[in-house]
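Contents: one structure, followed by commentary.
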Amino acid sequence: MSQVRVAIVGGSGYTAGELLRLLLFHPEVEIAQVVSSSHAGQYVHSLHPNLRKLCGLRFCHPDELAACDVLFLCLPHGTAMQSIERYRSLAPVVIDLSADFRLRSPDLYARWYGQTHPQPKLLAEAVYGLPELHRQELREAALISGTGCMATAAILGLAPLYRAGLVEPRLPLVVDAKVGSSAAGATPGPGSHHPDRSGAVRSFQPTGHRHSAELIQELGALAGGTWQQTLAFSATAVELVRGVLITAQVFLNADLDERAIWRLYREAYRDEPFIRLVKERSGVYRYPEPKILAGSNYCDLGFELDASQRRLVVMAALDNLMKGAAGNAVQALNCRFGWSETLGLTFPGLHPI
Amino acid sequence: MSKLVALCPECEAEIDLQNRLVGEIVYCPDCNAELEVTNLEQPAVALAPRVEEDWGE
């Protein structure tokens, strides 16, 4: 079988650069075009300098975008959904890394994004692109959504508990997310100006973060119905370029010991190539830590039980550009075409870094 | 020949005791607990005594 021809729209951003880094070494994929309206004609490596001598492509103008097998959309939120019909006419499989098609419910979208979705029927058709939860649906999907980086970590960290019905819904789920600067994208702003951003530990969205909606959708579905629980999600920008660390506090509805929690997570993720349990009794890296995940597609999960309160603290770490965006999208692509899910994603990260 | 496997008392990971001796210290591959081999006929390990690390404030 010949290679699958892919194109990337919105090629100047960080997620597109990361997709290029991965797909250039993917044995089943050929990169046909990289589109950028603002950088058309320039070499791809002029914006993604790590790809010098690896990628000879130049950015093309959106009007030059031709038909291909798979189209990756790396556009700002709210952009892909405006032109989705054109994109779908060019490729039988579209993978949109923005937030435009992550939610199944138009009402949930309107509540969290403050506007009516222009393509509500497509929300029902799109598949939330998290292979660990939607592997079967991805195999037939024509429209795949990316997943929010913080949402991905939180959902993967909490999914086994909700699937097993072990969460006490009358008590809140509290999720604190710490995230690096690359999650804000490649477009600079006052908040990313180096003297202000460097060294920051900045609460940027203590309430109302849109990734909450993805937790409500995915964890609610795992719990078997409509989300009834109070969710308190807060996000803090920290001194990292790449990385997400989630610390979730959840209350259980039964008396469990740590070995039972180990059994639950081990059973849930034993066969998952990118999920690792990290909970050690000694050493430096006792719990998940994003530092050593930079560039890898792993999501590391850990926990600690406060048995006296039935309180479980779940930690989840990942690279926001990888398992939180481009790496996860490539894993979804692998699912879609029936390839090994680890194709193009075997980089184990660096240590020390 | 039956497997010579014990369960970690901390996380229930399988601990391979092949070619080990009673009293030997082994490590859990999952939670890195330091374990002492206590029985080979009925394979068993126990958490080894350890000095707590001081992680301070």
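So you can find residues: chains in the structure tokens are A, B, ... in the order shown, residues in each start at 1, and ligands are numbered from 1 in order.
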8 Å contacts from chain A to chain B using only C-alpha atoms, as a list in words
Glu258, Arg259, Trp262, Arg263, Leu277, Val278, Lys279, Glu280, Arg281 and Ser282 of chain A
Surrounding residues of range 82-91 of chain A excluding itself and chain neighbours under 5 positions, 7 Å, only C-alpha atoms, as number ranges by chain: A: 66-71
- [ ] For CA of Tyr27 in chain B and CA of Pro43 in chain B, determine how far apart the two atoms are, in Å to one decimal place.
- [x]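 These atoms are spaced 14.8 Å apart.
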I want to know what sits within 8 Å of Ala99 in chain A, based on only C-alpha atoms, with residues of the same chain fewer than 6 positions away left out; could you give that as JSON, numbers by chain? {"A": [77, 78, 145, 146, 147, 148]}
Go ahead and compute the interatomic distance for CA of Arg111 in chain A and CA of Arg202 in chain A, in Å to one decimal.
->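 So the two atoms, CA of Arg111 in chain A and CA of Arg202 in chain A, lie 25.3 Å apart.
Every protein, DNA or RNA residue with an atom at most 9 Å from Arg197 in chain A, where only C-alpha atoms count and chain neighbours fewer than 5 positions away do not, is listed here: A:Ser181, A:Pro190, A:Gly191, A:Ser192, A:Arg202, A:Ala237, A:Val238, A:Glu239.
Proximity to Pro49 in chain A was assessed for A:Gly17, A:Gly10, A:Gly180, A:Gly185 counting only C-alpha atoms; the smallest distance is recorded for A:Gly17.
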Which residues, written as a list in words, have at least one atom at most 8 Å from Val44 in chain A, with only C-alpha atoms counted and residues fewer than 5 positions away on the same chain left out?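 Here the answer would be Ser12, Val34, Leu51, Cys55, Gly56, Leu57, Arg58 and Phe59 of chain A.
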Take the residues from that selection and write them out as a PDB file, in the first residue's frame, keeping N, CA and C atoms.
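Writing the result to part_26.pdb gives the following:
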ATOM      1  N   SER A  12       2.064  27.101  10.826  1.00  0.00           N
ATOM      2  CA  SER A  12       3.100  27.893  11.488  1.00  0.00           C
ATOM      3  C   SER A  12       3.121  27.714  13.011  1.00  0.00           C
ATOM      4  N   VAL A  34       1.978  21.858   3.486  1.00  0.00           N
ATOM      5  CA  VAL A  34       1.847  22.535   4.780  1.00  0.00           C
ATOM      6  C   VAL A  34       1.359  23.949   4.476  1.00  0.00           C
ATOM      7  N   LEU A  51      13.599  21.350  12.168  1.00  0.00           N
ATOM      8  CA  LEU A  51      13.342  20.522  10.991  1.00  0.00           C
ATOM      9  C   LEU A  51      14.260  20.859   9.818  1.00  0.00           C
ATOM     10  N   CYS A  55      13.140  18.693   6.321  1.00  0.00           N
ATOM     11  CA  CYS A  55      11.916  19.008   5.592  1.00  0.00           C
ATOM     12  C   CYS A  55      12.218  20.126   4.597  1.00  0.00           C
ATOM     13  N   GLY A  56      12.109  19.812   3.301  1.00  0.00           N
ATOM     14  CA  GLY A  56      12.386  20.816   2.272  1.00  0.00           C
ATOM     15  C   GLY A  56      11.150  21.537   1.796  1.00  0.00           C
ATOM     16  N   LEU A  57      10.022  21.300   2.445  1.00  0.00           N
ATOM     17  CA  LEU A  57       8.764  21.914   1.997  1.00  0.00           C
ATOM     18  C   LEU A  57       8.729  23.410   2.300  1.00  0.00           C
ATOM     19  N   ARG A  58       7.954  24.122   1.475  1.00  0.00           N
ATOM     20  CA  ARG A  58       7.621  25.516   1.771  1.00  0.00           C
ATOM     21  C   ARG A  58       6.140  25.580   2.123  1.00  0.00           C
ATOM     22  N   PHE A  59       5.805  26.543   2.968  1.00  0.00           N
ATOM     23  CA  PHE A  59       4.392  26.773   3.263  1.00  0.00           C
ATOM     24  C   PHE A  59       3.683  27.186   1.979  1.00  0.00           C
TER      25      PHE A  59
END
Contact residues around Ala44 in chain B with only C-alpha atoms at 12 Å, ignoring same-chain residues under 3 positions, as a list in words
Leu4, Val5, Ala6, Leu7, Cys8, Pro9, Glu12, Glu14, Ile15, Asp16, Leu17, Arg20, Leu21, Val22, Gly23, Glu24, Val26, Leu35, Glu36, Val37, Thr38, Asn39, Leu40, Glu41 and Leu47 of chain B
Export N, CA and C atoms of the chosen residues as a tab-separated table (two decimals), in the first residue's frame?
chain	number	residue	atom	x	y	z
B	4	LEU	N	8.06	-18.95	40.34
B	4	LEU	CA	8.42	-18.54	41.70
B	4	LEU	C	8.15	-17.04	41.80
B	5	VAL	N	6.89	-16.75	42.10
B	5	VAL	CA	6.45	-15.35	42.05
B	5	VAL	C	5.74	-15.00	43.35
B	6	ALA	N	6.10	-13.86	43.91
B	6	ALA	CA	5.39	-13.32	45.07
B	6	ALA	C	4.71	-12.02	44.67
B	7	LEU	N	3.77	-11.57	45.48
B	7	LEU	CA	3.12	-10.28	45.21
B	7	LEU	C	3.71	-9.22	46.13
B	8	CYS	N	3.95	-8.06	45.54
B	8	CYS	CA	4.45	-6.93	46.33
B	8	CYS	C	3.39	-6.54	47.37
B	9	PRO	N	3.75	-6.44	48.64
B	9	PRO	CA	2.75	-6.07	49.65
B	9	PRO	C	2.28	-4.63	49.52
B	12	GLU	N	0.97	-4.99	44.89
B	12	GLU	CA	0.53	-6.26	44.32
B	12	GLU	C	1.14	-6.58	42.96
B	14	GLU	N	3.77	-8.41	40.52
B	14	GLU	CA	4.41	-9.72	40.63
B	14	GLU	C	5.93	-9.54	40.78
B	15	ILE	N	6.48	-10.23	41.77
B	15	ILE	CA	7.92	-10.16	42.03
B	15	ILE	C	8.53	-11.53	41.70
B	16	ASP	N	9.40	-11.55	40.74
B	16	ASP	CA	10.04	-12.79	40.31
B	16	ASP	C	11.14	-13.16	41.32
B	17	LEU	N	10.98	-14.33	41.95
B	17	LEU	CA	11.95	-14.74	42.96
B	17	LEU	C	12.88	-15.85	42.44
B	20	ARG	N	16.62	-16.28	43.66
B	20	ARG	CA	16.80	-15.42	44.83
B	20	ARG	C	16.99	-16.29	46.08
B	21	LEU	N	17.41	-15.66	47.15
B	21	LEU	CA	17.65	-16.36	48.41
B	21	LEU	C	16.80	-15.72	49.50
B	22	VAL	N	16.42	-16.50	50.49
B	22	VAL	CA	15.70	-15.93	51.63
B	22	VAL	C	16.62	-14.91	52.30
B	23	GLY	N	16.05	-13.75	52.62
B	23	GLY	CA	16.82	-12.69	53.25
B	23	GLY	C	17.38	-11.68	52.25
B	24	GLU	N	17.34	-12.03	50.98
B	24	GLU	CA	17.87	-11.12	49.96
B	24	GLU	C	16.92	-9.93	49.77
B	26	VAL	N	15.16	-7.36	47.30
B	26	VAL	CA	14.78	-7.17	45.89
B	26	VAL	C	13.92	-5.91	45.81
B	35	LEU	N	12.17	-4.74	49.13
B	35	LEU	CA	11.48	-5.91	49.68
B	35	LEU	C	12.50	-6.96	50.11
B	36	GLU	N	12.16	-7.62	51.19
B	36	GLU	CA	13.00	-8.71	51.67
B	36	GLU	C	12.31	-10.04	51.34
B	37	VAL	N	13.07	-10.95	50.76
B	37	VAL	CA	12.52	-12.27	50.47
B	37	VAL	C	12.40	-13.02	51.79
B	38	THR	N	11.17	-13.43	52.11
B	38	THR	CA	10.94	-14.09	53.41
B	38	THR	C	10.67	-15.58	53.27
B	39	ASN	N	10.27	-16.02	52.10
B	39	ASN	CA	9.95	-17.44	51.93
B	39	ASN	C	10.04	-17.79	50.45
B	40	LEU	N	10.65	-18.92	50.16
B	40	LEU	CA	10.73	-19.36	48.78
B	40	LEU	C	9.83	-20.58	48.51
B	41	GLU	N	9.53	-21.33	49.57
B	41	GLU	CA	8.66	-22.49	49.37
B	41	GLU	C	7.23	-22.04	49.09
B	47	LEU	N	7.97	-5.84	53.15
B	47	LEU	CA	8.64	-4.54	53.03
B	47	LEU	C	9.88	-4.55	53.90
message = Neighbouring residues of Asn253 in chain A were defined as those with any atom within 6 Å, considering only C-alpha atoms; residues of the same chain fewer than 4 positions away were excluded. Please report them as a VMD selection string.
response = chain A and resid 166 to 168
Selected residue of minimal separation from Lys178 in chain A among A:Asn320, A:Ser38, A:Gln228, A:Ser340, counting only C-alpha atoms |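 With only C-alpha atoms as the atom set, the closest residue is A:Asn320.
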Would you list, as a ChimeraX atom specification, the residues of range 41-263 of chain A that end up in alpha helix (DSSP H) under DSSP run on this structure's backbone?
-> /A:44-47,84-90,106-113,120-125,131-138,149-163,194-197,211-222,258-263
One decimal place gives the CA of Glu272 in chain A-CA of Val314 in chain A separation as 18.2 Å
